[in-house]
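Asker: Provided herewith is a single structure, encoded as structure tokens, for subsequent inquiry.
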There are 4 protein chains.
Amino acid sequence: MQTINTLRQRYQQIRSTSEKICTPLITEDYQIQSILETSPPKWHLAHISWFFETFLLIPNQTSYKVFQSQYQILFNSYYETIGKFHPRAKRGLLARPSVEEIYAYRSYIDAAMENLFDYLIHQPDEKLMFFIELGLNHEQQHQELLLMDIKHNFSVNPLKPAYRQDLATNNSQISHPITWQTHNAGIYQIGYSGSEFAYDNESPQHPQYLTSFKIANRLITNGEYLGFILDQGYQQVDLWLADAWAHLKQHNWQHPLYWQPDGDNWLEMTLAGLVKLNLHAPVCHISYYEADAYARWAEKRLPTEAELELALSQHAIAGNFFAQDYLHPQAAEKSGQWYGDLWTWSSSSYQAYPGFKPLAGSAGEYNGKFMCQQMILRGGSCVTSQNHLRNSYRNFFYPHDRWQFSGIRLASDQNI
Amino acid sequence: MQTINTLRQRYQQIRSTSEKICTPLITEDYQIQSILETSPPKWHLAHISWFFETFLLIPNQTSYKVFQSQYQILFNSYYETIGKFHPRAKRGLLARPSVEEIYAYRSYIDAAMENLFDYLIHQPDEKLMFFIELGLNHEQQHQELLLMDIKHNFSVNPLKPAYRQDLATNNSQISHPITWQTHNAGIYQIGYSGSEFAYDNESPQHPQYLTSFKIANRLITNGEYLGFILDQGYQQVDLWLADAWAHLKQHNWQHPLYWQPDGDNWLEMTLAGLVKLNLHAPVCHISYYEADAYARWAEKRLPTEAELELALSQHAIAGNFFAQDYLHPQAAEKSGQWYGDLWTWSSSSYQAYPGFKPLAGSAGEYNGKFMCQQMILRGGSCVTSQNHLRNSYRNFFYPHDRWQFSGIRLASDQNI
Amino acid sequence: MQTINTLRQRYQQIRSTSEKICTPLITEDYQIQSILETSPPKWHLAHISWFFETFLLIPNQTSYKVFQSQYQILFNSYYETIGKFHPRAKRGLLARPSVEEIYAYRSYIDAAMENLFDYLIHQPDEKLMFFIELGLNHEQQHQELLLMDIKHNFSVNPLKPAYRQDLATNNSQISHPITWQTHNAGIYQIGYSGSEFAYDNESPQHPQYLTSFKIANRLITNGEYLGFILDQGYQQVDLWLADAWAHLKQHNWQHPLYWQPDGDNWLEMTLAGLVKLNLHAPVCHISYYEADAYARWAEKRLPTEAELELALSQHAIAGNFFAQDYLHPQAAEKSGQWYGDLWTWSSSSYQAYPGFKPLAGSAGEYNGKFMCQQMILRGGSCVTSQNHLRNSYRNFFYPHDRWQFSGIRLASDQNI
Amino acid sequence: MQTINTLRQRYQQIRSTSEKICTPLITEDYQIQSILETSPPKWHLAHISWFFETFLLIPNQTSYKVFQSQYQILFNSYYETIGKFHPRAKRGLLARPSVEEIYAYRSYIDAAMENLFDYLIHQPDEKLMFFIELGLNHEQQHQELLLMDIKHNFSVNPLKPAYRQDLATNNSQISHPITWQTHNAGIYQIGYSGSEFAYDNESPQHPQYLTSFKIANRLITNGEYLGFILDQGYQQVDLWLADAWAHLKQHNWQHPLYWQPDGDNWLEMTLAGLVKLNLHAPVCHISYYEADAYARWAEKRLPTEAELELALSQHAIAGNFFAQDYLHPQAAEKSGQWYGDLWTWSSSSYQAYPGFKPLAGSAGEYNGKFMCQQMILRGGSCVTSQNHLRNSYRNFFYPHDRWQFSGIRLASDQNI
């Protein structure tokens, strides 16, 4: 168990990171909700403060006075057991509260949280500390959402503005051939069993029998994916799931989300604006539907969730994360690419582990109620904080979603 | 024909009025598009500049350099013959150009227009002057749209912010009984025949035969409309047109757009925020469907367009207009209420006058192509500039629209 | 006033005509509702019987026992003041009552109506006779709807079946040039003033001032319309109303409803199945949007409703009607083509005449509540019963509708 | 491997069963498609014949002449690699081919299949025999679909007609308490490993580790489910998955699909028409969403697919199947209820088994492309042919589907 002071420092660091992510934005940028799935940056900033207010300050600080009672509704995301909430589709219509008021709200919450930390030094309370830790992990998830949403918001603007011009760049022009990591059949323990923080959905650890398999040491590159496109991958119906084909036809998908043709070449929208597509970097912003079709085309398959957990457990959690400040996937080193860069689609749907128990109370709505029709991704991405990730970490999106930083890692049965 | 200098002064005055309307807004407010029909205030500011750029500067100033070529697409509203345009539904997603850049665009256009005025002093050109006048009338229309759209944008925010706290107020608590202005049957000349500026859709003047009728000297009040509501007006199917009833059921209409119940009383959203409903002021933000149902309930009818033109022609153009700075309809004086306050629904659909010719070129798209399924309103409103109005002025909206400042004036056959 | 016996004979003749129209159908054909706007033939057969049951038998025959109480809901079309009705969109899902049961329902109503006629011989009652006449006119309208709907139902079937193989054909290969009938300006009496049956919406007769105009003596042919298509009429945005263009783009209209390309030629779906398009026959199943665009392309305009009434009043009501048994428009004789063949679009929206009073009671829902957003057509068609038509007859459809037998007749100001 | 003669007899028996299912229908009933998911009975009859024509006769009988070339499109369900197909949503608009023509098509196919059987006696061909077996299993699935779809088609008719009045009934009024079958943790072989026919999606057999669990010996009854309703189960948001709650709100679900309140009691639509709800019979036509919410309310969970396979493997395949001619679930005996009555929802999504290979060619579209976002059901139902089922049989529907004969069986961890 970390000390109060460590937790307080983490609080300060994580809270300031959220604001740092928004520094390059102008006031207008804070306002945009480009699709139903995204939220305006200012809404994120308020919601992650609301989380501390709702789960920590209101229930535990009797002297705490809410900042503005209507914020309880405006910045509740989806916690039905807490009360009503502003419709998700209309977050972008909230001109008020202003960006300035939302920063004032954040400061107000931070001051109240400092009081709570002072109190905890004298009266340690593991449950409160757990909820603070939950709030910090929640805020880290929203940091990733902020970057995903900002990218999408900027991409729908015909001016194709850059979020930042000063991002780290690498642009390696080398693609090393895939090598395959092999695993034998057997019973493996899957899920989290440690004593640090982990989400409820990672527990309980439980045995699973896996047949032998092999798995690629790196993500599929833009160049490899272009091979699929040039082979008429988006036109070959037998490569696609039925739901995928219907979605592709309805939305006229012909390439990954942020690609756009430029004569014979391709451009890609990034957080640094529109750039030339690097064929050696991993293909990103890929839906499950596309990842699955690509794997079928490549005569391989996607790894299951358990296979990914096992394969990743052989490697240290290191790679191209948020702190590397690329905010874009980079070409793999020869030694491979396991964590970071892009969340890897698994072929497993998001379901409860045997014996799963959601957190008690409203926090139980955090994860459990989404265990339907979504697919698991693993391994973190270039917009994930490294210290937020665990080997057992379960990310999940609908199979048609592709505004998250997601990519493709192939697997196959061992003898193929 | 006005002189160049008069026109230049009008240009300066009208252009600065647009900006003055936006002064109370914070940056976030400039960004909102609350429904398909409204546009973000900053889009309006840019579009009305685009109009001068497109119809005056680009075709006539050979040395003119466009401010930003993509603005040609972003700020074209619906001129198909000019080129592509940004989808109307996505105007609210344009974080960039920033508000600041749009003001810079306005200044740039104003400077170029000053050059054009300098030129015109030496080289008078009636066609150019006509297009300047058209651009100014266009800008005045958008001033009204700005206030309508701001009102709607603010109304969808649960915080119910006020656009301005300092608006003029009257709150007269007197409702004078309606008196009826009578007109004999006969042939009347309808439409514009003067030599000042008028829209193409007001011409040509032409004879119409009208049967005798009488028409109310003031608008229907909130109190009178409440009588309709309390008599179950929104539940009596035989009061409503078939399309109206379907729309009412689909959208669950139970009262005018900006009313909300407050215990046994009613509140009304205004540009000054949420206020107590004044039963003596005219009922506003009424759709044609509601106006028609109210008239049937009252055993009267709505006036035709020609009846309104004839009736209004008996009065000077004066009343509660934009300059009065109420930005809200006011209770009628005993002497009646003819112009201003609220646009009055007619029972006439928007159609071409016999012999109508749209303007040549792209300006022909200004009015003519909307002559289908919309209804005519007459008389101006509290957000209309008085000098923008004419007796022959034809405003038009779809029968379900109600975010405009519209109200109800009754008429009937003379012997009823 | 016609005698009871005449009315009884008309009743028998009109009722048997409805059934005769259905004779070529197989049981499966009775069941289809191909779009929201159409109804299954068996629903029509039941509804027109329901009309007599509801407006004549139930209120006036105390001994009358309803055939099946649920039919009161199932076969009410839209009479809100009578009670609930089965949703229009789901008429095609009513496998039961069977076709056989619906014919039994018809016989039952006919027997009860015979009793009513017997009674009326002894107790003449003008009001009852009026409602019988209304019911017969209603049934004649549904005979036209039956043929329109059968045509549409058959057209959506890829097998393109023929409703009848034995229809009269003419296939004249001659197009006579249009000649123009001219009319002077003046005040004209518009609307019905006789003492025979007419719908409430044709009254009261009232004066209208018309400016001078000229009007074509025949309908536009397929060949002429093909000229519009070949001149890229469906691609020239400036020919179209704004609503029309949006509709055209959304539904990908490229030609009239029932045309389909066949190499370099065109086929047309008719009640006799798919046939080669006759370039000399009138273009049919044209929406108002298309008629309006064609007229603009031809540098003419559509006639107003009053112009059509005046122009048609110069001619006897004769032409290609239902009894001619073509059930398809035929090439015009040199002498012109005024009534029959196709309903002619006017440029006038469907609105109440000055002083209009709907029928009292539920029959008031027959016409008045549709006076919004629809356009007037005049003159009857090849599926209209000749004795159903009057010069003052007002037909109406939405501007996008085109499954009715509608065509184009041009007009223009006289000096053009 | 069965002999040709056995297969031929199976062919004759199964083909005639499809027709027998349709015997109680009148021609009108054959035509209805009440929702997108259902198909008109006549379409089913044609499609299952098309399957033999397409997969057997056309590729293997060189002398075979197709019955009607357009049927290749009209009656292709979703085989993209075979060619175009009529839109699913418009199957109900095909008045033609008539019911009679479809029966003629069936006879034509049967005659051609008899020729193929004659040929096979002399030239045995395992691949052909496999496809015949596949076609027969396909037809058996459509027999179940026919009964599901007929039930839904009849249910949307306000007359609530009965499909059959002569169905077997039991109406036992006893509910035996649930007893729990327990299973120890261990590695189990899941999937099909025999040499008889099985679908590709049941293979390969593979080991799975299961933790210990217990599972109910019978389905949940209407009475038990009513307890959930009376406890406000449909109003308690924390019982529902997020997607489930959104769906429930959108469609206003308040009870199972075919229930309707009748004063203080409930009626239920069945294939015998509207009957009083038997509280002792299993609750049926339950979506996954409802089954999952019920299990949460009952503080249990749904079994996984593998748990169900293991639990069912302890019992003989016997119970209330199609041949029992109830066509409705019956109250459980004291000894329990394992197969038949209702398909049991598992908590597992439909995904490929490790090493899954779809059938080669177009038959590969049969199952594999649906492995996304659907949930597995096990055990067969009262409208399933007993000889169609296997212990390893995987049925699948979307979590919101509920027109299939589906019910609830609870499970839990063993120590609960």
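Residue numbering restarts at 1 for every chain of the structure tokens, chains are lettered A, B, ... in their displayed order, and ligands are numbered from 1 as they appear.
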With only C-alpha atoms as the counted atoms, please give the residues lying no more than 8 Å from Gly135 (chain D), apart from itself and same-chain residues fewer than 6 positions off, as a list in words.

Answerer: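 The neighbour list is Ile48, Phe51 and Phe52 of chain D.
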
Asker: Emit the selected residues as a PDB file, in the first residue's frame, including C-alpha atoms.

Answerer:
ATOM      1  CA  ILE D  48     -34.820 -24.160 -48.658  1.00  0.00           C
ATOM      2  CA  PHE D  51     -30.420 -24.335 -51.242  1.00  0.00           C
ATOM      3  CA  PHE D  52     -30.612 -27.792 -52.852  1.00  0.00           C
TER       4      PHE D  52
END

Asker: Please provide the set of residues having any atom within 12 Å of Trp297 (chain C), restricted to only C-alpha atoms, with same-chain residues fewer than 6 positions apart removed, written as number ranges by chain.

Answerer: C: 224-225, 227-240, 290-291, 410

Asker: With N, CA and C atoms retained, export the selected residues as a PDB file, in the first residue's frame.

Answerer:
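Dumped everything to again00.pdb:
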ATOM      1  N   GLU C 224     -40.216  14.618 -75.205  1.00  0.00           N
ATOM      2  CA  GLU C 224     -39.792  15.945 -74.746  1.00  0.00           C
ATOM      3  C   GLU C 224     -39.067  15.855 -73.404  1.00  0.00           C
ATOM      4  N   TYR C 225     -39.577  15.018 -72.535  1.00  0.00           N
ATOM      5  CA  TYR C 225     -38.951  14.881 -71.212  1.00  0.00           C
ATOM      6  C   TYR C 225     -37.568  14.246 -71.334  1.00  0.00           C
ATOM      7  N   GLY C 227     -35.558  14.826 -73.654  1.00  0.00           N
ATOM      8  CA  GLY C 227     -34.676  15.953 -73.991  1.00  0.00           C
ATOM      9  C   GLY C 227     -34.121  16.622 -72.744  1.00  0.00           C
ATOM     10  N   PHE C 228     -34.964  16.766 -71.743  1.00  0.00           N
ATOM     11  CA  PHE C 228     -34.551  17.329 -70.449  1.00  0.00           C
ATOM     12  C   PHE C 228     -33.499  16.431 -69.782  1.00  0.00           C
ATOM     13  N   ILE C 229     -33.749  15.125 -69.826  1.00  0.00           N
ATOM     14  CA  ILE C 229     -32.793  14.199 -69.205  1.00  0.00           C
ATOM     15  C   ILE C 229     -31.460  14.245 -69.927  1.00  0.00           C
ATOM     16  N   LEU C 230     -31.519  14.235 -71.263  1.00  0.00           N
ATOM     17  CA  LEU C 230     -30.280  14.210 -72.051  1.00  0.00           C
ATOM     18  C   LEU C 230     -29.519  15.523 -71.925  1.00  0.00           C
ATOM     19  N   ASP C 231     -30.215  16.584 -71.614  1.00  0.00           N
ATOM     20  CA  ASP C 231     -29.557  17.868 -71.358  1.00  0.00           C
ATOM     21  C   ASP C 231     -29.081  17.951 -69.899  1.00  0.00           C
ATOM     22  N   GLN C 232     -28.977  16.805 -69.242  1.00  0.00           N
ATOM     23  CA  GLN C 232     -28.494  16.752 -67.853  1.00  0.00           C
ATOM     24  C   GLN C 232     -29.423  17.473 -66.885  1.00  0.00           C
ATOM     25  N   GLY C 233     -30.717  17.412 -67.211  1.00  0.00           N
ATOM     26  CA  GLY C 233     -31.674  18.094 -66.352  1.00  0.00           C
ATOM     27  C   GLY C 233     -31.583  17.662 -64.897  1.00  0.00           C
ATOM     28  N   TYR C 234     -31.350  16.379 -64.661  1.00  0.00           N
ATOM     29  CA  TYR C 234     -31.295  15.886 -63.271  1.00  0.00           C
ATOM     30  C   TYR C 234     -29.972  16.250 -62.581  1.00  0.00           C
ATOM     31  N   GLN C 235     -29.052  16.833 -63.341  1.00  0.00           N
ATOM     32  CA  GLN C 235     -27.772  17.231 -62.744  1.00  0.00           C
ATOM     33  C   GLN C 235     -27.619  18.747 -62.619  1.00  0.00           C
ATOM     34  N   GLN C 236     -28.500  19.522 -63.267  1.00  0.00           N
ATOM     35  CA  GLN C 236     -28.378  20.983 -63.235  1.00  0.00           C
ATOM     36  C   GLN C 236     -29.087  21.547 -62.011  1.00  0.00           C
ATOM     37  N   VAL C 237     -28.325  21.857 -60.995  1.00  0.00           N
ATOM     38  CA  VAL C 237     -28.905  22.233 -59.709  1.00  0.00           C
ATOM     39  C   VAL C 237     -29.775  23.484 -59.814  1.00  0.00           C
ATOM     40  N   ASP C 238     -29.440  24.392 -60.711  1.00  0.00           N
ATOM     41  CA  ASP C 238     -30.203  25.645 -60.773  1.00  0.00           C
ATOM     42  C   ASP C 238     -31.591  25.471 -61.389  1.00  0.00           C
ATOM     43  N   LEU C 239     -31.913  24.275 -61.861  1.00  0.00           N
ATOM     44  CA  LEU C 239     -33.270  24.035 -62.358  1.00  0.00           C
ATOM     45  C   LEU C 239     -34.221  23.630 -61.242  1.00  0.00           C
ATOM     46  N   TRP C 240     -33.698  23.334 -60.074  1.00  0.00           N
ATOM     47  CA  TRP C 240     -34.491  22.668 -59.040  1.00  0.00           C
ATOM     48  C   TRP C 240     -34.715  23.560 -57.820  1.00  0.00           C
ATOM     49  N   GLU C 290     -40.228  17.497 -60.198  1.00  0.00           N
ATOM     50  CA  GLU C 290     -39.755  17.288 -61.573  1.00  0.00           C
ATOM     51  C   GLU C 290     -40.531  18.163 -62.570  1.00  0.00           C
ATOM     52  N   ALA C 291     -41.824  18.291 -62.348  1.00  0.00           N
ATOM     53  CA  ALA C 291     -42.629  19.124 -63.245  1.00  0.00           C
ATOM     54  C   ALA C 291     -42.127  20.572 -63.219  1.00  0.00           C
ATOM     55  N   LEU C 410     -47.592  22.903 -69.619  1.00  0.00           N
ATOM     56  CA  LEU C 410     -46.889  24.180 -69.461  1.00  0.00           C
ATOM     57  C   LEU C 410     -47.831  25.364 -69.645  1.00  0.00           C
TER      58      LEU C 410
END

Asker: Using only C-alpha atoms, what table do you get, as a tab-separated table, when you list each residue of chain A with an atom no more than 10 Å from chain D, its nearest pair of atoms, and their distance in Å rounded to one decimal, rows by chain then rising number?

Answerer:
residue	atom	partner	partner_atom	distance
A:Tyr78	CA	D:Ala242	CA	8.9
A:Tyr79	CA	D:Asp238	CA	9.5
A:Glu80	CA	D:Val237	CA	6.8
A:Thr81	CA	D:Asp238	CA	7.0
A:Gly186	CA	D:Pro207	CA	9.8
A:Ile187	CA	D:Tyr209	CA	7.6
A:Tyr188	CA	D:Tyr209	CA	9.7
A:His206	CA	D:Thr211	CA	8.2
A:Pro207	CA	D:Tyr209	CA	6.9
A:Gln208	CA	D:Tyr209	CA	5.5
A:Tyr209	CA	D:Tyr209	CA	5.3
A:Leu210	CA	D:Gln208	CA	7.8
A:Thr211	CA	D:Pro354	CA	7.5
A:Ser212	CA	D:Pro354	CA	9.8
A:Phe213	CA	D:Pro354	CA	9.8
A:Gln236	CA	D:Thr81	CA	9.3
A:Val237	CA	D:Glu80	CA	6.9
A:Asp238	CA	D:Thr81	CA	7.0
A:Leu239	CA	D:Lys369	CA	8.9
A:Trp240	CA	D:Lys369	CA	7.0
A:Leu241	CA	D:Lys369	CA	4.4
A:Ala242	CA	D:Lys369	CA	5.2
A:Asp243	CA	D:Cys372	CA	7.3
A:Ala244	CA	D:Cys372	CA	8.8
A:Trp245	CA	D:Lys369	CA	9.6
A:Tyr289	CA	D:Cys372	CA	9.3
A:Arg301	CA	D:Gly355	CA	9.8
A:Thr304	CA	D:Pro354	CA	9.3
A:Ser347	CA	D:Gln351	CA	8.2
A:Ser348	CA	D:Gln351	CA	7.8
A:Ser349	CA	D:Ser349	CA	6.9
A:Tyr350	CA	D:Ser349	CA	9.0
A:Gln351	CA	D:Ser348	CA	7.8
A:Ala352	CA	D:Ser347	CA	9.0
A:Pro354	CA	D:Thr211	CA	7.5
A:Gly355	CA	D:Asp413	CA	6.9
A:Gly361	CA	D:Asp238	CA	9.7
A:Ser362	CA	D:Asp238	CA	8.9
A:Gly364	CA	D:Asp238	CA	8.9
A:Glu365	CA	D:Asp238	CA	7.8
A:Gly368	CA	D:Leu241	CA	7.8
A:Lys369	CA	D:Leu241	CA	4.4
A:Phe370	CA	D:Ala242	CA	5.8
A:Met371	CA	D:Leu241	CA	7.2
A:Cys372	CA	D:Leu241	CA	7.3
A:Gln373	CA	D:Gln373	CA	4.8
A:Gln374	CA	D:Gln373	CA	7.6
A:Met375	CA	D:Gln373	CA	9.0
A:Tyr398	CA	D:Gln373	CA	9.2
A:Pro399	CA	D:Cys372	CA	8.4
A:Ser412	CA	D:Gly355	CA	8.8
A:Asp413	CA	D:Gly355	CA	7.0

Asker: Taking only region 239-375 of chain A into account, list the residues labelled strand (DSSP E) by DSSP (computed from the backbone), as a VMD selection string.

Answerer: chain A and resid 259 to 262 265 to 270 273 to 276 319 to 320 339 to 340 343 to 349 375

Asker: Any idea what the distance is between CA of His152 (chain D) and CA of Glu268 (chain D)?

Answerer: 12.3 Å
